[in-house]
Amino acid sequence: MSKLEKPYNAGENEQAIYNLWQENNCFAPVSAPQKYVVAMPPPNVTGRLHIGHALGSTIQDILVRFHRLLGEEVLYLPGTDHAGIATQAVVERELAKKGIKRFEMGRENFVQEVWQWKDKYHERIVEQLKVMGVSCDWSREAFTLSEQYNEAVYTAFARMHEKGLIYRGEYLTNWSVKGQTAISDDEVIYEDRPGKLYYIKYPLSHNVDQFIIVATTRPETMLGDSAIVVHPKDHRYKKLVGKLAKLPLVGREIPIISDNAVDKEFGSGAVKVTPAHDKNDWELGQKHRLAVINIINTFGKLNENVPDAYQGLKTSAAREKIANDLDSLNLLEKVEEIKHRVGVSERYGDIVEPIISTQWFVKMKPLAQKAIEAVESGAIKIIPKRFEKIYFHWMNNIHDWCISRQLWWGHRIPVWTKGAQTYVGVKAPQDKNWIQDEDVLDTWFSSALFPFATLGWPNTKSSDYKKYFPTSTLETGYDIIFFWVARMVMMSLELTGKVPFETVYLHGLVRDEKGRKMSKSLGNIVEPVELSRQWGTDALRMALVMGTSPGGDVNFSPTRAKGYRNFANKIWNASRFVLSHVGKEVVPIEVKKLDIHNRGDLAQLNNLISDVTGLLNENNVALAGERLYDWFWHTFADIIIERHKKILLDGKEEERLASRYVLWCILEKCLIMLHPFMPFVTETIWQEIPLGLRKGQKFLVNNKWPS
């Protein structure tokens, strides 16, 4: 009982308690009829645990610890993501500081450099997860670029390619000039930036003294125009639809067409169409069968498809020169200063250039239909339910997914060519004359296999796959519902014929106390590990989940953790008091032999157990935590203990025995129920309770939930 003789010291106990759990294999699944499986959303190996990870892993761990205490067979499966573009961009930046470029190093040396980076930062992130108290089975830890995982990725690619779901084609893609790679829509962030709106006069072919004025923010792409489009109900241009205009500086004739997609109020109401360099224009081009003229190369420079005067110019320089040349020809009506949305590469920071390139794609429509049905039928439940509408909207408007990246870090595409021959497979062909595709797969392709690839798939006879798939609950942020959640559902249904999980629990973003997004520029980033060191992990966990609701953003102030540090002390001091009076054992007393006050105390405890169990069964973590916090502090500590103090001091022997029994009953059940939320302080107390009193239950983490 010595450790309970002084104020609780989180720093002194947390590491020791976690080591104790690990040394005694407390997180390994124990055979039981009911299974509960959670696959951890794998953090990227690029850096450190951020506050969003801390919230997610806390919610996951609360649910996992609760189900373990219910006596279910629990597997909490950890893993980390190789995070292709994110990791490569970070390593490239680090090398650039030393004046080294990846192309100078060569592929093999560069990849070796990234593996070293991965090893270093992987260790760091695992340690940070352990600091947060996550009760994972670390013996099953997965990495999305391991040999076994690579086999799963290659198998998925080969099977989907064979079914015609994966194909190669030339399409418009987001291109990062700095990263020299195609990037997906989710790797593009949009920023409001100052810009200019240029009003350009396009001479009409039937009367070159008359013009149609087109407004654009990108005059440099006009050299690749295929048409001018106006709204069908725009009376200003009704007579011009079907006529031709001359493309300034080029002289090529282009048609004037109409389409409802045009905003009559924007600029002049007439818009140029450049299918090779704008997403909306690409769709218009496909719809109206317009020519696709690629004028920008992968280095962001104008290519051989433009007049000589502009070839080799970077897009920004070309914009300036074209505007000046139009002005000198009296074809620039006016220029307005505006603010507009600009797409920027999230990882490389450069303005994204939409260009035509040859890439690998997944056909999404056939996959999306099954994924829609899985949620409609209730096979997958999304919490909160309002996100179902967002999920369906995205699925119903889905586009084919560009899965190839011109990177070096990642799963290299399992396609080999020899002359005109092509081979797609899991293993490389024996003959050395085959050349493997240079590209790697989008990280989301491999992470979409996470719930089953980590359990041994494609070996469907593996014991883990047979026993633990499909998983039970996926807990993650709502911001990746499309990029990760939806893709896991689609890939799982296609490759295994099963849903990947039964429940999707979506948490919100963690913002600062003013509701602002956390960012370096605002200087409001909160380091969870630092807060944990300052106030204790239990306090941080409570501060993160209390007051949250599924799918709702969390306004987080670091000072909240201080308040829950006080709660940890309250639990400690209440336990000290009860244990100092209870001794090594208590004499059980029949409830009917207790007086009305003692029966009332136990009745309140019963209500608490019923409420908390019900809330956690519904994944309502925050309300369960609030109920426990409120009852323990304001009812148990402030009222019940205070009343029993007098009895323990002045009461008769019979009354004192009853008091000890009631106080121990309440404390024991409260420690178990508080454990998922505050695992360290509760287990530290449990380890100091005499074995006879805890009925031989060595660890609180593996105890039995009260009924």
# chains A, B, ... in the order shown; residues from 1 in each chain; ligands from 1

$ closest_atom_pairs --of "range 590-678 of chain A" --to "range 503-527 of chain A" --cutoff "12 Å" --atoms "only C-alpha atoms" --output "Markdown table"
| residue | atom | partner | partner_atom | distance |
| --- | --- | --- | --- | --- |
| A:Asn617 | CA | A:Thr503 | CA | 12.0 |
| A:Glu618 | CA | A:Tyr505 | CA | 10.5 |
| A:Asn619 | CA | A:Tyr505 | CA | 7.9 |
| A:Asn620 | CA | A:Tyr505 | CA | 9.9 |
| A:Val621 | CA | A:Tyr505 | CA | 10.8 |
| A:Ala622 | CA | A:His507 | CA | 11.3 |

$ write_last_selection --atoms "N, CA, C and O atoms" --output "compact mmCIF listing (two decimals), in the first residue's frame"
# COMPACT_ATOMS: atom_id res chain seq x y z
N ASN A 617 -21.88 0.62 -25.02
CA ASN A 617 -22.36 -0.32 -26.03
C ASN A 617 -22.83 0.41 -27.28
O ASN A 617 -22.82 -0.14 -28.38
N GLU A 618 -23.25 1.66 -27.10
CA GLU A 618 -23.68 2.49 -28.25
C GLU A 618 -22.53 3.36 -28.77
O GLU A 618 -22.73 4.27 -29.55
N ASN A 619 -21.30 3.09 -28.30
CA ASN A 619 -20.10 3.84 -28.70
C ASN A 619 -20.16 5.30 -28.27
O ASN A 619 -19.47 6.15 -28.85
N ASN A 620 -20.98 5.60 -27.26
CA ASN A 620 -21.10 6.99 -26.81
C ASN A 620 -20.10 7.25 -25.70
O ASN A 620 -20.41 7.29 -24.51
N VAL A 621 -18.86 7.40 -26.14
CA VAL A 621 -17.71 7.48 -25.23
C VAL A 621 -17.77 8.71 -24.32
O VAL A 621 -17.57 8.61 -23.11
N ALA A 622 -18.05 9.86 -24.90
CA ALA A 622 -18.01 11.10 -24.12
C ALA A 622 -19.06 11.12 -23.01
O ALA A 622 -18.76 11.46 -21.86

$ atom_distance --atom1 "CA of Thr443 in chain A" --atom2 "CA of Val153 in chain A"
10.6 Å

$ residues_around --residues "range 157-174 of chain A" --least-positions-apart "5" --cutoff "9 Å" --atoms "only C-alpha atoms" --output "PDB file with N, CA, C and O atoms, in the first residue's frame"
ATOM      1  N   ALA A 152       0.047  -8.872 -50.735  1.00  0.00           N
ATOM      2  CA  ALA A 152      -1.392  -8.565 -50.752  1.00  0.00           C
ATOM      3  C   ALA A 152      -1.694  -7.493 -51.800  1.00  0.00           C
ATOM      4  O   ALA A 152      -2.672  -7.595 -52.556  1.00  0.00           O
ATOM      5  N   THR A 181       5.288  14.226 -60.199  1.00  0.00           N
ATOM      6  CA  THR A 181       4.359  13.099 -60.100  1.00  0.00           C
ATOM      7  C   THR A 181       2.916  13.552 -60.234  1.00  0.00           C
ATOM      8  O   THR A 181       2.590  14.698 -59.917  1.00  0.00           O
ATOM      9  N   ALA A 182       2.087  12.613 -60.687  1.00  0.00           N
ATOM     10  CA  ALA A 182       0.638  12.825 -60.621  1.00  0.00           C
ATOM     11  C   ALA A 182       0.233  12.710 -59.162  1.00  0.00           C
ATOM     12  O   ALA A 182       0.845  11.966 -58.399  1.00  0.00           O
ATOM     13  N   ILE A 183      -0.784  13.462 -58.753  1.00  0.00           N
ATOM     14  CA  ILE A 183      -1.290  13.351 -57.380  1.00  0.00           C
ATOM     15  C   ILE A 183      -2.809  13.258 -57.419  1.00  0.00           C
ATOM     16  O   ILE A 183      -3.440  13.701 -58.368  1.00  0.00           O
ATOM     17  N   SER A 184      -3.372  12.655 -56.383  1.00  0.00           N
ATOM     18  CA  SER A 184      -4.824  12.474 -56.362  1.00  0.00           C
ATOM     19  C   SER A 184      -5.514  13.752 -55.890  1.00  0.00           C
ATOM     20  O   SER A 184      -4.878  14.647 -55.326  1.00  0.00           O
ATOM     21  N   ASP A 185      -6.834  13.807 -56.074  1.00  0.00           N
ATOM     22  CA  ASP A 185      -7.609  14.985 -55.676  1.00  0.00           C
ATOM     23  C   ASP A 185      -7.426  15.297 -54.192  1.00  0.00           C
ATOM     24  O   ASP A 185      -7.408  16.451 -53.784  1.00  0.00           O
ATOM     25  N   VAL A 188      -4.572  17.543 -53.068  1.00  0.00           N
ATOM     26  CA  VAL A 188      -4.616  18.943 -53.513  1.00  0.00           C
ATOM     27  C   VAL A 188      -5.367  19.747 -52.459  1.00  0.00           C
ATOM     28  O   VAL A 188      -6.467  19.390 -52.066  1.00  0.00           O
ATOM     29  N   PRO A 275      -9.454  21.575 -72.718  1.00  0.00           N
ATOM     30  CA  PRO A 275      -9.640  20.256 -72.104  1.00  0.00           C
ATOM     31  C   PRO A 275      -8.374  19.636 -71.516  1.00  0.00           C
ATOM     32  O   PRO A 275      -8.460  18.857 -70.566  1.00  0.00           O
ATOM     33  N   ALA A 276      -7.209  19.981 -72.047  1.00  0.00           N
ATOM     34  CA  ALA A 276      -5.975  19.342 -71.571  1.00  0.00           C
ATOM     35  C   ALA A 276      -5.444  19.953 -70.283  1.00  0.00           C
ATOM     36  O   ALA A 276      -4.503  19.419 -69.689  1.00  0.00           O
ATOM     37  N   HIS A 277      -6.043  21.089 -69.817  1.00  0.00           N
ATOM     38  CA  HIS A 277      -5.431  21.775 -68.669  1.00  0.00           C
ATOM     39  C   HIS A 277      -6.424  22.325 -67.643  1.00  0.00           C
ATOM     40  O   HIS A 277      -6.102  23.245 -66.898  1.00  0.00           O
ATOM     41  N   ASP A 278      -7.618  21.746 -67.589  1.00  0.00           N
ATOM     42  CA  ASP A 278      -8.593  22.159 -66.584  1.00  0.00           C
ATOM     43  C   ASP A 278      -9.613  21.031 -66.425  1.00  0.00           C
ATOM     44  O   ASP A 278     -10.099  20.480 -67.425  1.00  0.00           O
ATOM     45  N   LYS A 279      -9.929  20.701 -65.168  1.00  0.00           N
ATOM     46  CA  LYS A 279     -10.811  19.556 -64.890  1.00  0.00           C
ATOM     47  C   LYS A 279     -12.211  19.752 -65.480  1.00  0.00           C
ATOM     48  O   LYS A 279     -12.763  18.856 -66.120  1.00  0.00           O
ATOM     49  N   TRP A 282     -12.045  19.588 -69.188  1.00  0.00           N
ATOM     50  CA  TRP A 282     -11.877  18.195 -69.635  1.00  0.00           C
ATOM     51  C   TRP A 282     -13.254  17.537 -69.789  1.00  0.00           C
ATOM     52  O   TRP A 282     -13.536  16.887 -70.789  1.00  0.00           O
ATOM     53  N   SER A 345      -0.274  21.526 -54.232  1.00  0.00           N
ATOM     54  CA  SER A 345       0.116  20.188 -53.784  1.00  0.00           C
ATOM     55  C   SER A 345       0.355  20.217 -52.280  1.00  0.00           C
ATOM     56  O   SER A 345       1.191  20.983 -51.796  1.00  0.00           O
ATOM     57  N   VAL A 352      -0.663  23.191 -58.443  1.00  0.00           N
ATOM     58  CA  VAL A 352      -0.914  21.983 -59.224  1.00  0.00           C
ATOM     59  C   VAL A 352      -1.213  22.352 -60.669  1.00  0.00           C
ATOM     60  O   VAL A 352      -1.965  23.287 -60.947  1.00  0.00           O
ATOM     61  N   GLU A 353      -0.623  21.605 -61.583  1.00  0.00           N
ATOM     62  CA  GLU A 353      -0.802  21.830 -63.016  1.00  0.00           C
ATOM     63  C   GLU A 353      -1.646  20.688 -63.574  1.00  0.00           C
ATOM     64  O   GLU A 353      -1.184  19.547 -63.597  1.00  0.00           O
ATOM     65  N   PRO A 354      -2.904  20.927 -63.971  1.00  0.00           N
ATOM     66  CA  PRO A 354      -3.652  19.831 -64.602  1.00  0.00           C
ATOM     67  C   PRO A 354      -3.057  19.555 -65.986  1.00  0.00           C
ATOM     68  O   PRO A 354      -3.012  20.449 -66.830  1.00  0.00           O
ATOM     69  N   ILE A 355      -2.550  18.334 -66.194  1.00  0.00           N
ATOM     70  CA  ILE A 355      -1.999  17.986 -67.513  1.00  0.00           C
ATOM     71  C   ILE A 355      -2.432  16.572 -67.904  1.00  0.00           C
ATOM     72  O   ILE A 355      -2.774  15.760 -67.059  1.00  0.00           O
ATOM     73  N   ILE A 356      -2.369  16.306 -69.204  1.00  0.00           N
ATOM     74  CA  ILE A 356      -2.692  14.974 -69.717  1.00  0.00           C
ATOM     75  C   ILE A 356      -1.465  14.092 -69.525  1.00  0.00           C
ATOM     76  O   ILE A 356      -0.345  14.474 -69.868  1.00  0.00           O
ATOM     77  N   SER A 357      -1.676  12.916 -68.931  1.00  0.00           N
ATOM     78  CA  SER A 357      -0.561  11.969 -68.816  1.00  0.00           C
ATOM     79  C   SER A 357      -1.102  10.549 -68.826  1.00  0.00           C
ATOM     80  O   SER A 357      -2.279  10.320 -68.579  1.00  0.00           O
ATOM     81  N   THR A 358      -0.219   9.606 -69.114  1.00  0.00           N
ATOM     82  CA  THR A 358      -0.608   8.197 -69.149  1.00  0.00           C
ATOM     83  C   THR A 358      -0.433   7.617 -67.755  1.00  0.00           C
ATOM     84  O   THR A 358       0.659   7.660 -67.186  1.00  0.00           O
ATOM     85  N   GLN A 359      -1.530   7.122 -67.192  1.00  0.00           N
ATOM     86  CA  GLN A 359      -1.524   6.634 -65.812  1.00  0.00           C
ATOM     87  C   GLN A 359      -2.341   5.352 -65.715  1.00  0.00           C
ATOM     88  O   GLN A 359      -3.068   4.987 -66.636  1.00  0.00           O
ATOM     89  N   TRP A 360      -2.234   4.711 -64.538  1.00  0.00           N
ATOM     90  CA  TRP A 360      -3.066   3.544 -64.220  1.00  0.00           C
ATOM     91  C   TRP A 360      -4.293   4.018 -63.436  1.00  0.00           C
ATOM     92  O   TRP A 360      -4.176   4.875 -62.563  1.00  0.00           O
ATOM     93  N   PHE A 361      -5.441   3.432 -63.760  1.00  0.00           N
ATOM     94  CA  PHE A 361      -6.705   3.839 -63.129  1.00  0.00           C
ATOM     95  C   PHE A 361      -7.490   2.622 -62.639  1.00  0.00           C
ATOM     96  O   PHE A 361      -7.352   1.531 -63.176  1.00  0.00           O
ATOM     97  N   VAL A 362      -8.335   2.870 -61.619  1.00  0.00           N
ATOM     98  CA  VAL A 362      -9.302   1.861 -61.170  1.00  0.00           C
ATOM     99  C   VAL A 362     -10.688   2.326 -61.610  1.00  0.00           C
ATOM    100  O   VAL A 362     -11.056   3.479 -61.390  1.00  0.00           O
ATOM    101  N   LYS A 363     -11.463   1.412 -62.218  1.00  0.00           N
ATOM    102  CA  LYS A 363     -12.856   1.712 -62.565  1.00  0.00           C
ATOM    103  C   LYS A 363     -13.659   1.709 -61.273  1.00  0.00           C
ATOM    104  O   LYS A 363     -13.767   0.680 -60.605  1.00  0.00           O
ATOM    105  N   MET A 364     -14.243   2.819 -60.921  1.00  0.00           N
ATOM    106  CA  MET A 364     -14.867   2.953 -59.603  1.00  0.00           C
ATOM    107  C   MET A 364     -16.372   2.661 -59.573  1.00  0.00           C
ATOM    108  O   MET A 364     -16.881   2.204 -58.561  1.00  0.00           O
ATOM    109  N   PRO A 366     -18.419   0.280 -60.808  1.00  0.00           N
ATOM    110  CA  PRO A 366     -18.876  -1.055 -60.388  1.00  0.00           C
ATOM    111  C   PRO A 366     -18.564  -1.353 -58.919  1.00  0.00           C
ATOM    112  O   PRO A 366     -19.313  -2.068 -58.248  1.00  0.00           O
ATOM    113  N   LEU A 367     -17.466  -0.794 -58.403  1.00  0.00           N
ATOM    114  CA  LEU A 367     -17.099  -1.006 -56.996  1.00  0.00           C
ATOM    115  C   LEU A 367     -18.014  -0.196 -56.079  1.00  0.00           C
ATOM    116  O   LEU A 367     -18.405  -0.656 -55.005  1.00  0.00           O
ATOM    117  N   CYS A 402      -7.088   7.566 -60.258  1.00  0.00           N
ATOM    118  CA  CYS A 402      -5.707   7.481 -60.764  1.00  0.00           C
ATOM    119  C   CYS A 402      -4.830   6.907 -59.654  1.00  0.00           C
ATOM    120  O   CYS A 402      -4.656   7.537 -58.607  1.00  0.00           O
ATOM    121  N   ILE A 413       4.509  -0.744 -59.297  1.00  0.00           N
ATOM    122  CA  ILE A 413       3.391  -1.361 -60.020  1.00  0.00           C
ATOM    123  C   ILE A 413       3.815  -2.724 -60.584  1.00  0.00           C
ATOM    124  O   ILE A 413       4.856  -2.825 -61.240  1.00  0.00           O
ATOM    125  N   PRO A 414       3.013  -3.782 -60.290  1.00  0.00           N
ATOM    126  CA  PRO A 414       3.419  -5.142 -60.678  1.00  0.00           C
ATOM    127  C   PRO A 414       3.107  -5.471 -62.143  1.00  0.00           C
ATOM    128  O   PRO A 414       2.388  -6.420 -62.456  1.00  0.00           O
ATOM    129  N   VAL A 415       3.655  -4.642 -63.028  1.00  0.00           N
ATOM    130  CA  VAL A 415       3.465  -4.841 -64.470  1.00  0.00           C
ATOM    131  C   VAL A 415       4.840  -4.820 -65.123  1.00  0.00           C
ATOM    132  O   VAL A 415       5.643  -3.913 -64.870  1.00  0.00           O
ATOM    133  N   VAL A 424       1.393  -9.161 -65.960  1.00  0.00           N
ATOM    134  CA  VAL A 424       0.920  -8.604 -64.686  1.00  0.00           C
ATOM    135  C   VAL A 424       0.861  -9.755 -63.692  1.00  0.00           C
ATOM    136  O   VAL A 424       0.228 -10.781 -63.957  1.00  0.00           O
ATOM    137  N   GLY A 425       1.513  -9.610 -62.559  1.00  0.00           N
ATOM    138  CA  GLY A 425       1.517 -10.718 -61.601  1.00  0.00           C
ATOM    139  C   GLY A 425       2.035 -10.338 -60.235  1.00  0.00           C
ATOM    140  O   GLY A 425       2.427  -9.193 -59.989  1.00  0.00           O
ATOM    141  N   VAL A 426       2.045 -11.332 -59.354  1.00  0.00           N
ATOM    142  CA  VAL A 426       2.477 -11.110 -57.972  1.00  0.00           C
ATOM    143  C   VAL A 426       3.995 -11.222 -57.864  1.00  0.00           C
ATOM    144  O   VAL A 426       4.635 -10.514 -57.093  1.00  0.00           O
ATOM    145  N   GLU A 494     -14.905  -6.184 -53.074  1.00  0.00           N
ATOM    146  CA  GLU A 494     -14.440  -6.726 -54.351  1.00  0.00           C
ATOM    147  C   GLU A 494     -13.502  -7.923 -54.161  1.00  0.00           C
ATOM    148  O   GLU A 494     -13.608  -8.930 -54.856  1.00  0.00           O
ATOM    149  N   LEU A 495     -12.569  -7.814 -53.201  1.00  0.00           N
ATOM    150  CA  LEU A 495     -11.517  -8.828 -53.086  1.00  0.00           C
ATOM    151  C   LEU A 495     -11.830  -9.956 -52.106  1.00  0.00           C
ATOM    152  O   LEU A 495     -11.289 -11.048 -52.237  1.00  0.00           O
TER     153      LEU A 495
END

$ select_by_dssp --residues "range 373-601 of chain A" --states "helix (DSSP H, G or I)" --output "ChimeraX atom specification"
/A:373-376,387-396,443-447,450-453,463-468,478-495,528-535,537-545,559-582,591-593,596-601

$ residues_around --residues "Leu249 in chain A" --least-positions-apart "6" --cutoff "9 Å" --atoms "only C-alpha atoms" --output "JSON, numbers by chain"
{"A": [223, 307, 322, 325, 326]}

$ closest_residue --among "A:Met105, A:Leu674, A:Ile481, A:Val90" --to "Phe387 in chain A" --atoms "only C-alpha atoms"
A:Ile481

$ residues_around --residues "Ala453 in chain A" --least-positions-apart "6" --cutoff "10 Å" --atoms "only C-alpha atoms" --output "JSON, numbers by chain"
{"A": [142, 144, 148, 149, 150, 151, 152, 153, 156, 446, 447, 459, 465, 492]}

$ write_last_selection --atoms "C-alpha atoms" --output "PDB file, in the first residue's frame"
ATOM      1  CA  ALA A 142       1.789  -4.295 -39.536  1.00  0.00           C
ATOM      2  CA  THR A 144       2.120  -1.238 -45.335  1.00  0.00           C
ATOM      3  CA  GLN A 148       3.806  -9.842 -46.674  1.00  0.00           C
ATOM      4  CA  TYR A 149       1.789  -6.654 -47.270  1.00  0.00           C
ATOM      5  CA  ASN A 150       3.426  -6.205 -50.679  1.00  0.00           C
ATOM      6  CA  GLU A 151       2.144  -9.647 -51.689  1.00  0.00           C
ATOM      7  CA  ALA A 152      -1.392  -8.565 -50.752  1.00  0.00           C
ATOM      8  CA  VAL A 153      -1.067  -5.359 -52.797  1.00  0.00           C
ATOM      9  CA  ALA A 156      -5.145  -7.141 -55.412  1.00  0.00           C
ATOM     10  CA  SER A 446      -2.377  -0.177 -50.319  1.00  0.00           C
ATOM     11  CA  SER A 447      -4.035   1.299 -47.208  1.00  0.00           C
ATOM     12  CA  ASN A 459      -4.062 -16.426 -47.592  1.00  0.00           C
ATOM     13  CA  TYR A 465      -8.026 -13.966 -41.277  1.00  0.00           C
ATOM     14  CA  SER A 492     -12.919  -5.379 -49.335  1.00  0.00           C
TER      15      SER A 492
END

$ atom_distance --atom1 "CA of Gly84 in chain A" --atom2 "CA of Asp479 in chain A"
19.1 Å

$ select_by_dssp --residues "range 363-490 of chain A" --states "strand (DSSP E or B)" --output "number ranges by chain"
A: 381-383, 401-402, 404-405, 412, 415-418, 421-424, 435-436, 440-441, 471-477

$ closest_residue --among "A:Leu667, A:Ile100, A:Val134, A:Ile125" --to "Val701 in chain A" --atoms "only C-alpha atoms"
A:Val134

$ closest_atom_pairs --of "range 140-253 of chain A" --to "range 292-304 of chain A" --cutoff "7 Å" --atoms "only C-alpha atoms" --output "CSV"
residue,atom,partner,partner_atom,distance
A:Val177,CA,A:Phe299,CA,5.5
A:Gln180,CA,A:Thr298,CA,6.9
A:Gly224,CA,A:Ile293,CA,5.2

$ residues_around --residues "Gln116 in chain A" --least-positions-apart "6" --cutoff "12 Å" --atoms "only C-alpha atoms" --output "list in words"
Val45, Thr46, Thr87, Val91, Asn109, Phe110, His122 and Glu123 of chain A

$ write_last_selection --atoms "N, CA and C atoms" --output "PDB file, in the first residue's frame"
ATOM      1  N   VAL A  45       4.591   7.176 -41.296  1.00  0.00           N
ATOM      2  CA  VAL A  45       5.914   7.109 -40.646  1.00  0.00           C
ATOM      3  C   VAL A  45       6.703   8.411 -40.821  1.00  0.00           C
ATOM      4  N   THR A  46       6.057   9.433 -41.349  1.00  0.00           N
ATOM      5  CA  THR A  46       6.796  10.668 -41.640  1.00  0.00           C
ATOM      6  C   THR A  46       7.172  11.470 -40.412  1.00  0.00           C
ATOM      7  N   THR A  87       6.050  10.719 -47.241  1.00  0.00           N
ATOM      8  CA  THR A  87       7.391  10.365 -46.764  1.00  0.00           C
ATOM      9  C   THR A  87       8.451  10.793 -47.770  1.00  0.00           C
ATOM     10  N   VAL A  91      11.640  13.405 -47.058  1.00  0.00           N
ATOM     11  CA  VAL A  91      13.043  12.994 -47.235  1.00  0.00           C
ATOM     12  C   VAL A  91      13.712  13.862 -48.306  1.00  0.00           C
ATOM     13  N   ASN A 109      19.653   4.148 -54.232  1.00  0.00           N
ATOM     14  CA  ASN A 109      20.234   4.874 -53.082  1.00  0.00           C
ATOM     15  C   ASN A 109      19.181   5.708 -52.363  1.00  0.00           C
ATOM     16  N   PHE A 110      18.287   6.312 -53.158  1.00  0.00           N
ATOM     17  CA  PHE A 110      17.253   7.142 -52.549  1.00  0.00           C
ATOM     18  C   PHE A 110      16.318   6.295 -51.691  1.00  0.00           C
ATOM     19  N   HIS A 122       9.595   5.483 -37.359  1.00  0.00           N
ATOM     20  CA  HIS A 122       8.644   4.448 -36.966  1.00  0.00           C
ATOM     21  C   HIS A 122       8.773   4.179 -35.463  1.00  0.00           C
ATOM     22  N   GLU A 123      10.002   4.039 -34.995  1.00  0.00           N
ATOM     23  CA  GLU A 123      10.231   3.786 -33.561  1.00  0.00           C
ATOM     24  C   GLU A 123       9.627   4.906 -32.722  1.00  0.00           C
TER      25      GLU A 123
END

$ residues_around --residues "Gly285 in chain A" --least-positions-apart "2" --cutoff "10 Å" --atoms "only C-alpha atoms" --output "PyMOL selection string"
chain A and resi 226-227+273-276+279-283+287-292

$ closest_residue --among "A:Ser472, A:Thr684, A:Ser659, A:Thr537" --to "Lys130 in chain A" --atoms "only C-alpha atoms"
A:Thr537

$ closest_residue --among "A:Gln88, A:Gln369, A:Asn702, A:Thr221" --to "Ala28 in chain A" --atoms "only C-alpha atoms"
A:Asn702

$ closest_residue --among "A:Lys272, A:Lys238, A:Arg487, A:His675" --to "Ala568 in chain A" --atoms "only C-alpha atoms"
A:His675
